[in-house]
Structure formats: structure tokens, C-alpha cells
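Asker: Structure provided below as C-alpha cells; questions to follow.
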Amino acid sequence: MKIKFLKKGLKVDGKYYPCWYSGSKNTKYGEHVTVYLKNYDRLPDALKSELDVKSDTEKQTDYIMKDRIIIPREHKYFNLVESMAV
């Protein structure tokens with residue numbers, strides 16, 4: 001799987017996903033960067049093994065959330081993505 005972080009998006013195996021980045025510190029995840037998708041595309045399942053992909057979608061109540069990725073400080077992509085965080 002080829003992952004490329006761009007200033008305004010994420011490319012996974014050549015498919016572009018528009019997103020934005022936000023850095024944060026909190027008690028649940030510690031210091032981390034969150035990647036928020038701008039649309040409702042689902043990220044590929046193979047990406048979930050490499051990155052911590054979250055979705056709070058609840059299909060029974062039609063509560064649809066956009067995917068987001070949590071990248072902790074220890075992760076190899078942290079410094080790269082943190083430099084793009086707003």
C-alpha cells in the first residue's frame with residue numbers, strides 16, 4: 001500500500017482523498033495529529049492496518065460520520081503530518 005500525505009489531501013494507492021489536518025494534545029490519545037476527510041468516502045480497509053482509522057458511523061440511526069485518522073507521536077508519519085496541521 002502506497003500512502004502519500006499532501007497539503008490538502010491524502011493519496012492511497014493513487015486514489016485522492018481530500019482532507020485537512022489538526023494537531024492536538026488530550027488525555028485520550030496524548031499528543032497526536034488527526035487527519036479529517038472532507039467528504040464521505042470510506043478509506044480502504046488495508047489502510048486500517050497501517051493507520052488508526054476511526055469512524056463513529058451508526059447505521060441503525062443513520063448517523064453518518066466522515067472517516068478520520070489518529071496519528072500518535074510515536075508513529076512514523078507523525079512529523080510529516082504535523083508539519084501540515086493547521
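A note on labels: chains of the C-alpha cells are A, B, ... as shown, every chain counts residues from 1, and ligands are counted from 1 in their shown order.
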Residues within 9 Å of segment 32-46 of chain A, please, as a ChimeraX atom specification. Count only C-alpha atoms; anything in the same chain fewer than 4 positions from it doesn't count.
Answerer: /A:1,9-10,12,17-26,50,53,64-74,78,81-82,85
Asker: Using DSSP on the backbone, list every residue of segment 11-49 of chain A that comes out as helix (DSSP H, G or I), and give them as a compact mmCIF listing (two decimals) with N, CA and C atoms, in the first residue's frame.
Answerer:
# COMPACT_ATOMS: atom_id res chain seq x y z
N ASP A 45 -9.91 -0.62 3.55
CA ASP A 45 -9.67 -1.45 4.72
C ASP A 45 -8.19 -1.72 4.95
N ALA A 46 -7.43 -1.85 3.88
CA ALA A 46 -5.99 -2.13 4.02
C ALA A 46 -5.27 -0.99 4.76
N LEU A 47 -5.77 0.23 4.64
CA LEU A 47 -5.17 1.37 5.32
C LEU A 47 -5.36 1.26 6.83
N LYS A 48 -6.44 0.61 7.25
CA LYS A 48 -6.75 0.49 8.67
C LYS A 48 -5.71 -0.33 9.43
N SER A 49 -4.98 -1.20 8.74
CA SER A 49 -3.94 -1.96 9.41
C SER A 49 -2.67 -1.12 9.61
Asker: Could you jot down the atom CA of Gly30 of chain A to atom CA of Lys2 of chain A separation for me, Å, one decimal place?
Answerer: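 These atoms are spaced 26.8 Å apart.
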Asker: Can you list every residue in chain A that DSSP puts in strand (DSSP E or B), as a PyMOL selection string?
Answerer: chain A and resi 3-6+9-12+15-26+30-37+52-54+58+63+68-72
Asker: Could you write those residues out with N, CA and C atoms, as a CSV table (one decimal), in the first residue's frame?
Answerer:
chain,number,residue,atom,x,y,z
A,3,ILE,N,1.0,5.2,0.5
A,3,ILE,CA,0.4,6.3,1.2
A,3,ILE,C,1.2,7.6,1.0
A,4,LYS,N,0.5,8.6,0.5
A,4,LYS,CA,1.2,9.9,0.3
A,4,LYS,C,0.4,11.0,0.9
A,5,PHE,N,1.0,11.7,1.9
A,5,PHE,CA,0.3,12.9,2.5
A,5,PHE,C,0.6,14.1,1.7
A,6,LEU,N,-0.4,14.8,1.3
A,6,LEU,CA,-0.3,16.0,0.5
A,6,LEU,C,-0.9,17.2,1.4
A,9,GLY,N,-4.7,16.9,1.0
A,9,GLY,CA,-5.3,15.6,0.8
A,9,GLY,C,-4.4,14.4,1.1
A,10,LEU,N,-4.9,13.3,0.8
A,10,LEU,CA,-4.2,12.0,1.1
A,10,LEU,C,-4.4,11.1,-0.1
A,11,LYS,N,-3.3,10.5,-0.6
A,11,LYS,CA,-3.4,9.6,-1.7
A,11,LYS,C,-3.0,8.2,-1.2
A,12,VAL,N,-4.0,7.3,-1.5
A,12,VAL,CA,-3.8,5.9,-1.1
A,12,VAL,C,-3.9,5.1,-2.4
A,15,LYS,N,-5.5,6.8,-5.3
A,15,LYS,CA,-6.8,7.5,-5.2
A,15,LYS,C,-6.7,8.6,-4.2
A,16,TYR,N,-7.2,9.8,-4.6
A,16,TYR,CA,-7.1,11.0,-3.8
A,16,TYR,C,-8.3,11.2,-2.9
A,17,TYR,N,-8.0,11.5,-1.6
A,17,TYR,CA,-9.0,11.8,-0.6
A,17,TYR,C,-8.7,13.2,0.0
A,18,PRO,N,-9.6,14.1,-0.3
A,18,PRO,CA,-9.4,15.5,0.2
A,18,PRO,C,-9.5,15.4,1.8
A,19,CYS,N,-8.6,16.1,2.4
A,19,CYS,CA,-8.7,16.1,3.9
A,19,CYS,C,-8.0,17.4,4.5
A,20,TRP,N,-8.1,17.5,5.8
A,20,TRP,CA,-7.3,18.6,6.5
A,20,TRP,C,-6.8,18.0,7.8
A,21,TYR,N,-5.8,18.6,8.3
A,21,TYR,CA,-5.0,18.1,9.5
A,21,TYR,C,-5.1,19.0,10.7
A,22,SER,N,-5.1,18.4,11.8
A,22,SER,CA,-5.2,19.2,13.1
A,22,SER,C,-4.4,18.5,14.2
A,23,GLY,N,-3.5,19.3,14.8
A,23,GLY,CA,-2.7,18.8,15.9
A,23,GLY,C,-3.4,19.0,17.2
A,24,SER,N,-3.1,18.1,18.2
A,24,SER,CA,-3.8,18.2,19.4
A,24,SER,C,-3.1,17.4,20.5
A,25,LYS,N,-3.4,17.8,21.8
A,25,LYS,CA,-3.0,17.0,22.9
A,25,LYS,C,-4.2,16.8,23.8
A,26,ASN,N,-4.5,15.6,24.2
A,26,ASN,CA,-5.6,15.4,25.1
A,26,ASN,C,-5.4,14.1,25.9
A,30,GLY,N,-3.2,11.4,23.9
A,30,GLY,CA,-1.9,12.1,24.1
A,30,GLY,C,-1.7,13.1,23.0
A,31,GLU,N,-0.4,13.4,22.7
A,31,GLU,CA,-0.1,14.2,21.6
A,31,GLU,C,-0.2,13.5,20.3
A,32,HIS,N,-1.0,14.1,19.4
A,32,HIS,CA,-1.3,13.4,18.1
A,32,HIS,C,-1.7,14.4,17.1
A,33,VAL,N,-1.8,13.9,15.9
A,33,VAL,CA,-2.4,14.7,14.8
A,33,VAL,C,-3.6,13.9,14.2
A,34,THR,N,-4.7,14.6,13.9
A,34,THR,CA,-5.8,14.0,13.4
A,34,THR,C,-6.0,14.4,11.9
A,35,VAL,N,-6.2,13.4,11.1
A,35,VAL,CA,-6.5,13.7,9.6
A,35,VAL,C,-8.0,13.5,9.4
A,36,TYR,N,-8.7,14.6,9.0
A,36,TYR,CA,-10.1,14.6,8.8
A,36,TYR,C,-10.4,14.6,7.3
A,37,LEU,N,-11.2,13.6,6.9
A,37,LEU,CA,-11.6,13.6,5.5
A,37,LEU,C,-12.7,14.7,5.3
A,52,ASP,N,-4.5,4.3,12.3
A,52,ASP,CA,-5.6,4.2,13.2
A,52,ASP,C,-6.8,5.0,12.7
A,53,VAL,N,-7.6,4.3,11.8
A,53,VAL,CA,-8.8,4.9,11.2
A,53,VAL,C,-10.0,4.8,12.1
A,54,LYS,N,-10.6,6.0,12.3
A,54,LYS,CA,-11.8,6.0,13.2
A,54,LYS,C,-13.0,6.4,12.4
A,58,GLU,N,-23.1,5.3,12.8
A,58,GLU,CA,-24.1,4.4,13.4
A,58,GLU,C,-25.2,4.2,12.3
A,63,TYR,N,-26.7,7.9,11.5
A,63,TYR,CA,-25.7,8.9,11.9
A,63,TYR,C,-24.4,8.6,11.2
A,68,ARG,N,-11.8,9.5,10.0
A,68,ARG,CA,-10.6,10.3,10.4
A,68,ARG,C,-9.5,9.4,10.8
A,69,ILE,N,-8.3,9.9,10.8
A,69,ILE,CA,-7.1,9.1,11.2
A,69,ILE,C,-6.4,9.7,12.3
A,70,ILE,N,-6.1,9.0,13.4
A,70,ILE,CA,-5.4,9.4,14.5
A,70,ILE,C,-3.9,9.0,14.4
A,71,ILE,N,-3.0,9.9,14.4
A,71,ILE,CA,-1.6,9.6,14.2
A,71,ILE,C,-0.9,10.0,15.5
A,72,PRO,N,-0.5,9.1,16.4
A,72,PRO,CA,0.2,9.4,17.6
A,72,PRO,C,1.6,9.8,17.4
